[in-house]
Amino acid sequence: MPSQPVESTPPEAPSAPIDTGSSSSTESTSSSSSNPTPKPQFPNIVQNDPRRTGFDPGTAWWMNYFKILTGGITPEGAFHYREWRYRENEARDCARCEEFRDWAFAHSPTVRFLREKIEALNGTLDKSNVVCRRCPARLTEDGNVHRASGGFSPYSGILICANEVSNRSLLEDTLAHEMVHAWDHLRWKVDWVGDKDLKHAACTEIRAAMLSGECRWTKETFTRGNRNLTQQFQNCVRTRATLSLMARPRCKDDVQAVKVINQVWDSCFSDTRPFDEVYR
């Protein structure tokens with residue numbers, strides 16, 4: 001992606017203009033403030049202990065799978081088994097992901113439209129900078145599992161997590177989500193990490209969740225089991241934007257994430273650019 005975004009007037013929000021940023025950016029920079037925001041301490045990652053979990057990577061996969069079915073492996077062990085199988089099947093998953101990616105570039109209306117709009121801003125997305133890789137998940141001591149299906153870097157392009165993308169529809173949603181971040185990066189000057197504040201990141205996460213199709217009614221109903229008939233779409237966008245914001249290194253906790261999302265909600269939820277309306 002080009003390193004220089006195209007300047008324009010961003011959507012309005014309280015206190016500061018809103019640029020947009022990526023929910024999955026891993027770059028960090030030092031704050032120039034004399035009182036920089038301390039980075040939250042990440043909980044320790046839990047490693048597998050066969051004596052505790054029942055999962056032994058030295059045993060055949062089908063024996064471990066049978067032990068999961070019969071209760072011989074704990075939920076923690078099942079997590080480690082899942083990650084172990086992803087490592088074993090990495091080449092297969094990446095090849096499948098690349099096939100889905102190429103299909104989306106050729107046939108997905110949403111992906112093709114976003115690609116044209118990115119090219120109009122002098123950006124380029126193709127198989128050289130939209131890559132499929134295995135993305136390890138992390139189980140931490142607080143019991144939370146941290147995983148992602150993709151990410152965007154303004155310096156490298158788009159990462160699709162091949163082990164988390166099991167079908168074309170999921171890849172299409174993931175790729176569209178990250179392409180919204182790419183378009184935002186080219187359209188506005190972006191504070192990706194949140195050194196100034198988290199409003200930029202909050203805005204782009206709202207827009208990416210809204211425009212990518214990941215919150216469409218059919219997916220919420222049949223995939224996630226959320227069958228609310230009122231405010232389902234808005235609730236999904238809020239929830240997914242909040243979770244993405246919480247993954248930012250400058251976000252202290254869920255309380256701060258919800259507060260920032262609420263501050264920019266009206267402005268960013270109504271901004272469907274580069275689409276005329278919510279397409280999917």
# chains A, B, ... in the order shown; residues from 1 in each chain; ligands from 1
>>> select_by_dssp(residues="region 40-267 of chain A", states="strand (DSSP E)", output="ChimeraX atom specification")
/A:130-133,138-139,145-146,150-153,157-161
>>> write_last_selection(atoms="all heavy atoms", output="tab-separated table (two decimals), in the first residue's frame")
chain	number	residue	atom	x	y	z
A	130	VAL	N	-1.93	-9.36	-0.40
A	130	VAL	CA	-3.03	-9.99	0.33
A	130	VAL	C	-2.62	-11.44	0.49
A	130	VAL	O	-2.72	-12.25	-0.44
A	130	VAL	CB	-4.37	-9.88	-0.43
A	130	VAL	CG1	-5.47	-10.59	0.35
A	130	VAL	CG2	-4.74	-8.42	-0.65
A	131	VAL	N	-2.10	-11.77	1.67
A	131	VAL	CA	-1.44	-13.07	1.86
A	131	VAL	C	-2.21	-13.92	2.86
A	131	VAL	O	-2.88	-13.41	3.77
A	131	VAL	CB	0.01	-12.88	2.33
A	131	VAL	CG1	0.82	-12.14	1.28
A	131	VAL	CG2	0.07	-12.14	3.66
A	132	CYS	N	-2.09	-15.23	2.70
A	132	CYS	CA	-2.71	-16.20	3.58
A	132	CYS	C	-1.64	-16.84	4.45
A	132	CYS	O	-0.64	-17.36	3.93
A	132	CYS	CB	-3.43	-17.28	2.77
A	132	CYS	SG	-4.85	-16.69	1.83
A	133	ARG	N	-1.83	-16.79	5.76
A	133	ARG	CA	-0.89	-17.39	6.70
A	133	ARG	C	-1.66	-18.00	7.88
A	133	ARG	O	-2.79	-17.61	8.15
A	133	ARG	CB	0.08	-16.34	7.25
A	133	ARG	CG	0.96	-15.67	6.22
A	133	ARG	CD	2.04	-16.61	5.69
A	133	ARG	NE	2.98	-15.92	4.83
A	133	ARG	CZ	2.83	-15.76	3.51
A	133	ARG	NH1	1.75	-16.26	2.92
A	133	ARG	NH2	3.73	-15.13	2.79
A	138	ARG	N	-4.14	-17.46	21.07
A	138	ARG	CA	-3.49	-17.43	22.37
A	138	ARG	C	-4.53	-17.67	23.46
A	138	ARG	O	-5.57	-17.01	23.49
A	138	ARG	CB	-2.79	-16.09	22.61
A	138	ARG	CG	-1.80	-15.70	21.55
A	138	ARG	CD	-1.08	-14.40	21.89
A	138	ARG	NE	-1.99	-13.30	22.15
A	138	ARG	CZ	-2.50	-12.50	21.22
A	138	ARG	NH1	-2.18	-12.70	19.95
A	138	ARG	NH2	-3.30	-11.52	21.53
A	139	LEU	N	-4.23	-18.59	24.35
A	139	LEU	CA	-5.03	-18.81	25.55
A	139	LEU	C	-4.29	-18.20	26.71
A	139	LEU	O	-3.14	-18.56	26.98
A	139	LEU	CB	-5.26	-20.31	25.78
A	139	LEU	CG	-5.98	-20.70	27.08
A	139	LEU	CD1	-7.40	-20.16	27.10
A	139	LEU	CD2	-5.95	-22.21	27.27
A	145	VAL	N	-9.57	-16.60	25.11
A	145	VAL	CA	-8.89	-17.03	23.90
A	145	VAL	C	-8.83	-15.84	22.95
A	145	VAL	O	-9.86	-15.21	22.67
A	145	VAL	CB	-9.62	-18.21	23.23
A	145	VAL	CG1	-8.98	-18.56	21.89
A	145	VAL	CG2	-9.61	-19.42	24.15
A	146	HIS	N	-7.66	-15.53	22.46
A	146	HIS	CA	-7.45	-14.39	21.57
A	146	HIS	C	-7.12	-14.94	20.19
A	146	HIS	O	-6.09	-15.56	19.99
A	146	HIS	CB	-6.31	-13.50	22.09
A	146	HIS	CG	-6.48	-13.06	23.51
A	146	HIS	ND1	-7.05	-11.85	23.84
A	146	HIS	CD2	-6.19	-13.68	24.68
A	146	HIS	CE1	-7.07	-11.73	25.16
A	146	HIS	NE2	-6.56	-12.83	25.69
A	150	GLY	N	-8.12	-12.02	10.40
A	150	GLY	CA	-7.36	-11.24	9.42
A	150	GLY	C	-6.83	-9.96	10.05
A	150	GLY	O	-7.10	-9.67	11.21
A	151	GLY	N	-6.10	-9.21	9.24
A	151	GLY	CA	-5.55	-7.95	9.72
A	151	GLY	C	-5.06	-7.10	8.57
A	151	GLY	O	-4.80	-7.60	7.47
A	152	PHE	N	-4.96	-5.79	8.83
A	152	PHE	CA	-4.44	-4.85	7.83
A	152	PHE	C	-3.27	-4.08	8.40
A	152	PHE	O	-3.32	-3.60	9.54
A	152	PHE	CB	-5.54	-3.86	7.40
A	152	PHE	CG	-5.00	-2.71	6.58
A	152	PHE	CD1	-4.56	-2.90	5.29
A	152	PHE	CD2	-4.91	-1.43	7.13
A	152	PHE	CE1	-4.03	-1.86	4.55
A	152	PHE	CE2	-4.40	-0.37	6.40
A	152	PHE	CZ	-3.96	-0.59	5.10
A	153	SER	N	-2.22	-3.95	7.61
A	153	SER	CA	-1.07	-3.11	7.95
A	153	SER	C	-0.90	-2.08	6.84
A	153	SER	O	-0.86	-2.45	5.66
A	153	SER	CB	0.20	-3.94	8.07
A	153	SER	OG	1.35	-3.09	8.05
A	157	GLY	N	0.08	-4.59	3.87
A	157	GLY	CA	-1.10	-5.02	3.15
A	157	GLY	C	-2.06	-5.77	4.05
A	157	GLY	O	-2.24	-5.43	5.22
A	158	ILE	N	-2.67	-6.82	3.52
A	158	ILE	CA	-3.72	-7.55	4.23
A	158	ILE	C	-3.25	-8.97	4.51
A	158	ILE	O	-2.70	-9.66	3.65
A	158	ILE	CB	-5.02	-7.57	3.40
A	158	ILE	CG1	-5.63	-6.16	3.37
A	158	ILE	CG2	-6.03	-8.57	3.98
A	158	ILE	CD1	-6.85	-6.04	2.48
A	159	LEU	N	-3.50	-9.40	5.74
A	159	LEU	CA	-3.25	-10.77	6.16
A	159	LEU	C	-4.58	-11.48	6.34
A	159	LEU	O	-5.48	-10.97	7.03
A	159	LEU	CB	-2.47	-10.80	7.47
A	159	LEU	CG	-2.40	-12.15	8.19
A	159	LEU	CD1	-1.53	-13.12	7.40
A	159	LEU	CD2	-1.87	-11.98	9.62
A	160	ILE	N	-4.73	-12.64	5.71
A	160	ILE	CA	-5.89	-13.50	5.94
A	160	ILE	C	-5.42	-14.71	6.73
A	160	ILE	O	-4.44	-15.37	6.34
A	160	ILE	CB	-6.53	-13.95	4.61
A	160	ILE	CG1	-6.91	-12.75	3.75
A	160	ILE	CG2	-7.74	-14.83	4.87
A	160	ILE	CD1	-7.99	-11.88	4.34
A	161	CYS	N	-6.08	-15.00	7.84
A	161	CYS	CA	-5.69	-16.13	8.68
A	161	CYS	C	-6.28	-17.41	8.09
A	161	CYS	O	-7.47	-17.70	8.26
A	161	CYS	CB	-6.17	-15.91	10.11
A	161	CYS	SG	-5.40	-14.48	10.91
>>> residues_around(residues="Glu141 (chain A)", least_positions_apart="5", cutoff="8 Å", atoms="only C-alpha atoms", output="PDB file with all heavy atoms, in the first residue's frame")
ATOM      1  N   PRO A  43      -2.005 -10.639  29.838  1.00  0.00           N
ATOM      2  CA  PRO A  43      -1.877 -11.819  30.712  1.00  0.00           C
ATOM      3  C   PRO A  43      -0.936 -12.852  30.107  1.00  0.00           C
ATOM      4  O   PRO A  43      -0.752 -12.926  28.899  1.00  0.00           O
ATOM      5  CB  PRO A  43      -3.319 -12.350  30.779  1.00  0.00           C
ATOM      6  CG  PRO A  43      -4.188 -11.206  30.390  1.00  0.00           C
ATOM      7  CD  PRO A  43      -3.389 -10.396  29.412  1.00  0.00           C
ATOM      8  N   ASN A  44      -0.362 -13.663  30.957  1.00  0.00           N
ATOM      9  CA  ASN A  44       0.547 -14.696  30.502  1.00  0.00           C
ATOM     10  C   ASN A  44      -0.180 -15.730  29.647  1.00  0.00           C
ATOM     11  O   ASN A  44      -1.348 -16.056  29.890  1.00  0.00           O
ATOM     12  CB  ASN A  44       1.201 -15.393  31.700  1.00  0.00           C
ATOM     13  CG  ASN A  44       2.157 -14.481  32.446  1.00  0.00           C
ATOM     14  OD1 ASN A  44       2.794 -13.615  31.851  1.00  0.00           O
ATOM     15  ND2 ASN A  44       2.261 -14.673  33.750  1.00  0.00           N
ATOM     16  N   ILE A  45       0.527 -16.258  28.652  1.00  0.00           N
ATOM     17  CA  ILE A  45      -0.041 -17.267  27.767  1.00  0.00           C
ATOM     18  C   ILE A  45       0.103 -18.644  28.408  1.00  0.00           C
ATOM     19  O   ILE A  45       1.153 -18.984  28.960  1.00  0.00           O
ATOM     20  CB  ILE A  45       0.662 -17.230  26.395  1.00  0.00           C
ATOM     21  CG1 ILE A  45       0.377 -15.877  25.705  1.00  0.00           C
ATOM     22  CG2 ILE A  45       0.224 -18.390  25.505  1.00  0.00           C
ATOM     23  CD1 ILE A  45       1.108 -15.691  24.406  1.00  0.00           C
ATOM     24  N   VAL A  46      -0.963 -19.416  28.343  1.00  0.00           N
ATOM     25  CA  VAL A  46      -0.980 -20.743  28.950  1.00  0.00           C
ATOM     26  C   VAL A  46      -0.416 -21.767  27.964  1.00  0.00           C
ATOM     27  O   VAL A  46      -0.885 -21.866  26.828  1.00  0.00           O
ATOM     28  CB  VAL A  46      -2.416 -21.145  29.361  1.00  0.00           C
ATOM     29  CG1 VAL A  46      -2.434 -22.558  29.921  1.00  0.00           C
ATOM     30  CG2 VAL A  46      -2.973 -20.151  30.374  1.00  0.00           C
TER      31      VAL A  46
END
>>> residues_around(residues="region 268-277 of chain A", least_positions_apart="4", cutoff="8 Å", atoms="only C-alpha atoms", output="count of residues only")
11
>>> closest_residue(among="A:Ile73, A:Tyr65, A:His185, A:Val260", to="Met246 (chain A)", atoms="only C-alpha atoms")
A:Val260
>>> atom_distance(atom1="CA of Pro154 (chain A)", atom2="CA of Arg238 (chain A)")
24.1 Å
>>> closest_residue(among="A:Pro75, A:Glu205, A:Trp62, A:Trp84", to="Gly143 (chain A)", atoms="only C-alpha atoms")
A:Pro75
>>> residues_around(residues="Thr53 (chain A)", least_positions_apart="5", cutoff="10 Å", atoms="only C-alpha atoms", output="list in words")
Asn48, Gly72, Ile73, Thr74, Pro75, Glu76, Gly77, Ala78, Phe79, His80 and Tyr81 of chain A
>>> closest_residue(among="A:Leu186, A:Met63, A:Ala162, A:Ala176", to="Asn122 (chain A)", atoms="only C-alpha atoms")
A:Leu186
>>> residues_around(residues="Glu88 (chain A)", least_positions_apart="4", cutoff="12 Å", atoms="only C-alpha atoms", output="PDB file with N, CA and C atoms, in the first residue's frame")
ATOM      1  N   PRO A  57       0.522 -34.163  22.250  1.00  0.00           N
ATOM      2  CA  PRO A  57       0.804 -34.029  20.814  1.00  0.00           C
ATOM      3  C   PRO A  57       1.615 -35.188  20.250  1.00  0.00           C
ATOM      4  N   ALA A  60      -1.360 -40.029  18.286  1.00  0.00           N
ATOM      5  CA  ALA A  60      -2.031 -39.861  16.992  1.00  0.00           C
ATOM      6  C   ALA A  60      -3.236 -38.940  17.137  1.00  0.00           C
ATOM      7  N   TRP A  61      -3.506 -38.166  16.068  1.00  0.00           N
ATOM      8  CA  TRP A  61      -4.566 -37.162  16.134  1.00  0.00           C
ATOM      9  C   TRP A  61      -5.921 -37.788  16.436  1.00  0.00           C
ATOM     10  N   TYR A  81      -5.214 -28.836  21.230  1.00  0.00           N
ATOM     11  CA  TYR A  81      -5.369 -29.808  20.139  1.00  0.00           C
ATOM     12  C   TYR A  81      -5.720 -29.089  18.844  1.00  0.00           C
ATOM     13  N   ARG A  82      -6.633 -28.126  18.921  1.00  0.00           N
ATOM     14  CA  ARG A  82      -7.047 -27.364  17.739  1.00  0.00           C
ATOM     15  C   ARG A  82      -5.855 -26.637  17.115  1.00  0.00           C
ATOM     16  N   GLU A  83      -5.058 -25.982  17.955  1.00  0.00           N
ATOM     17  CA  GLU A  83      -3.896 -25.266  17.446  1.00  0.00           C
ATOM     18  C   GLU A  83      -2.859 -26.233  16.863  1.00  0.00           C
ATOM     19  N   TRP A  84      -2.710 -27.386  17.486  1.00  0.00           N
ATOM     20  CA  TRP A  84      -1.776 -28.398  16.974  1.00  0.00           C
ATOM     21  C   TRP A  84      -2.194 -28.872  15.596  1.00  0.00           C
ATOM     22  N   ARG A  92      -2.073 -27.059   3.704  1.00  0.00           N
ATOM     23  CA  ARG A  92      -3.392 -27.287   3.116  1.00  0.00           C
ATOM     24  C   ARG A  92      -4.301 -26.078   3.312  1.00  0.00           C
ATOM     25  N   ASP A  93      -4.309 -25.518   4.530  1.00  0.00           N
ATOM     26  CA  ASP A  93      -5.186 -24.381   4.819  1.00  0.00           C
ATOM     27  C   ASP A  93      -4.776 -23.154   3.999  1.00  0.00           C
ATOM     28  N   CYS A  94      -3.480 -22.908   3.849  1.00  0.00           N
ATOM     29  CA  CYS A  94      -3.019 -21.747   3.083  1.00  0.00           C
ATOM     30  C   CYS A  94      -3.377 -21.887   1.604  1.00  0.00           C
ATOM     31  N   ARG A 134      -1.022 -18.923   8.551  1.00  0.00           N
ATOM     32  CA  ARG A 134      -1.608 -19.438   9.786  1.00  0.00           C
ATOM     33  C   ARG A 134      -1.445 -18.408  10.894  1.00  0.00           C
ATOM     34  N   ASN A 163      -6.101 -20.534   8.726  1.00  0.00           N
ATOM     35  CA  ASN A 163      -6.681 -21.552   9.594  1.00  0.00           C
ATOM     36  C   ASN A 163      -8.036 -21.152  10.150  1.00  0.00           C
TER      37      ASN A 163
END
>>> select_by_dssp(residues="region 27-240 of chain A", states="alpha helix (DSSP H)", output="PyMOL selection string")
chain A and resi 50-53+61-69+75-88+90-107+109-120+168-187+199-211+217-222+232-240
>>> residues_around(residues="Asp254 (chain A)", least_positions_apart="6", cutoff="9 Å", atoms="only C-alpha atoms", output="count of residues only")
4
>>> decode(residues="region 45-79 of chain A", atoms="N, CA and C atoms", output="short mmCIF file (atom, residue, chain, number, x, y, z; two decimals), in the first residue's frame")
data_model
loop_
_atom_site.label_atom_id
_atom_site.label_comp_id
_atom_site.auth_asym_id
_atom_site.auth_seq_id
_atom_site.Cartn_x
_atom_site.Cartn_y
_atom_site.Cartn_z
N ILE A 45 0.53 -16.26 28.65
CA ILE A 45 -0.04 -17.27 27.77
C ILE A 45 0.10 -18.64 28.41
N VAL A 46 -0.96 -19.42 28.34
CA VAL A 46 -0.98 -20.74 28.95
C VAL A 46 -0.42 -21.77 27.96
N GLN A 47 0.58 -22.52 28.40
CA GLN A 47 1.17 -23.58 27.58
C GLN A 47 0.53 -24.92 27.95
N ASN A 48 0.56 -25.84 27.00
CA ASN A 48 -0.05 -27.15 27.23
C ASN A 48 0.80 -28.00 28.18
N ASP A 49 0.12 -28.66 29.12
CA ASP A 49 0.73 -29.64 30.01
C ASP A 49 -0.12 -30.90 29.92
N PRO A 50 0.35 -31.95 29.24
CA PRO A 50 -0.47 -33.15 29.05
C PRO A 50 -1.00 -33.74 30.35
N ARG A 51 -0.25 -33.60 31.42
CA ARG A 51 -0.72 -34.15 32.70
C ARG A 51 -1.93 -33.40 33.22
N ARG A 52 -2.03 -32.13 32.85
CA ARG A 52 -3.16 -31.31 33.30
C ARG A 52 -4.33 -31.35 32.33
N THR A 53 -4.02 -31.33 31.03
CA THR A 53 -5.07 -31.19 30.02
C THR A 53 -5.52 -32.50 29.40
N GLY A 54 -4.67 -33.51 29.42
CA GLY A 54 -5.01 -34.77 28.78
C GLY A 54 -4.62 -34.84 27.32
N PHE A 55 -4.20 -33.71 26.74
CA PHE A 55 -3.81 -33.69 25.33
C PHE A 55 -2.31 -33.91 25.21
N ASP A 56 -1.94 -34.93 24.43
CA ASP A 56 -0.53 -35.25 24.20
C ASP A 56 -0.25 -35.17 22.71
N PRO A 57 0.52 -34.16 22.25
CA PRO A 57 0.80 -34.03 20.81
C PRO A 57 1.61 -35.19 20.25
N GLY A 58 2.19 -36.01 21.11
CA GLY A 58 2.91 -37.17 20.63
C GLY A 58 2.02 -38.35 20.30
N THR A 59 0.74 -38.23 20.60
CA THR A 59 -0.24 -39.28 20.32
C THR A 59 -0.91 -39.00 18.98
N ALA A 60 -1.36 -40.03 18.29
CA ALA A 60 -2.03 -39.86 16.99
C ALA A 60 -3.24 -38.94 17.14
N TRP A 61 -3.51 -38.17 16.07
CA TRP A 61 -4.57 -37.16 16.13
C TRP A 61 -5.92 -37.79 16.44
N TRP A 62 -6.19 -38.98 15.84
CA TRP A 62 -7.51 -39.58 16.01
C TRP A 62 -7.71 -40.08 17.44
N MET A 63 -6.62 -40.46 18.12
CA MET A 63 -6.74 -40.87 19.52
C MET A 63 -7.05 -39.67 20.41
N ASN A 64 -6.37 -38.53 20.12
CA ASN A 64 -6.69 -37.32 20.87
C ASN A 64 -8.12 -36.86 20.61
N TYR A 65 -8.55 -36.96 19.35
CA TYR A 65 -9.91 -36.56 19.01
C TYR A 65 -10.93 -37.44 19.74
N PHE A 66 -10.67 -38.72 19.81
CA PHE A 66 -11.56 -39.63 20.52
C PHE A 66 -11.62 -39.28 22.00
N LYS A 67 -10.47 -38.91 22.57
CA LYS A 67 -10.44 -38.52 23.98
C LYS A 67 -11.25 -37.25 24.22
N ILE A 68 -11.24 -36.33 23.24
CA ILE A 68 -12.08 -35.13 23.37
C ILE A 68 -13.55 -35.53 23.40
N LEU A 69 -13.95 -36.42 22.50
CA LEU A 69 -15.35 -36.85 22.42
C LEU A 69 -15.80 -37.57 23.68
N THR A 70 -14.89 -38.26 24.34
CA THR A 70 -15.25 -39.04 25.53
C THR A 70 -14.94 -38.33 26.83
N GLY A 71 -14.53 -37.07 26.75
CA GLY A 71 -14.28 -36.30 27.96
C GLY A 71 -12.92 -36.52 28.58
N GLY A 72 -11.99 -37.15 27.86
CA GLY A 72 -10.68 -37.41 28.40
C GLY A 72 -9.71 -36.24 28.27
N ILE A 73 -10.13 -35.20 27.58
CA ILE A 73 -9.31 -33.99 27.41
C ILE A 73 -10.12 -32.79 27.88
N THR A 74 -9.50 -31.93 28.64
CA THR A 74 -10.18 -30.75 29.18
C THR A 74 -10.41 -29.72 28.07
N PRO A 75 -11.29 -28.74 28.32
CA PRO A 75 -11.46 -27.66 27.33
C PRO A 75 -10.15 -26.97 26.97
N GLU A 76 -9.26 -26.81 27.96
CA GLU A 76 -7.95 -26.23 27.65
C GLU A 76 -7.17 -27.13 26.71
N GLY A 77 -7.23 -28.44 26.97
CA GLY A 77 -6.55 -29.38 26.09
C GLY A 77 -7.13 -29.38 24.69
N ALA A 78 -8.46 -29.21 24.59
CA ALA A 78 -9.10 -29.14 23.26
C ALA A 78 -8.62 -27.92 22.49
N PHE A 79 -8.37 -26.82 23.20
CA PHE A 79 -7.82 -25.63 22.54
C PHE A 79 -6.43 -25.94 21.97
#
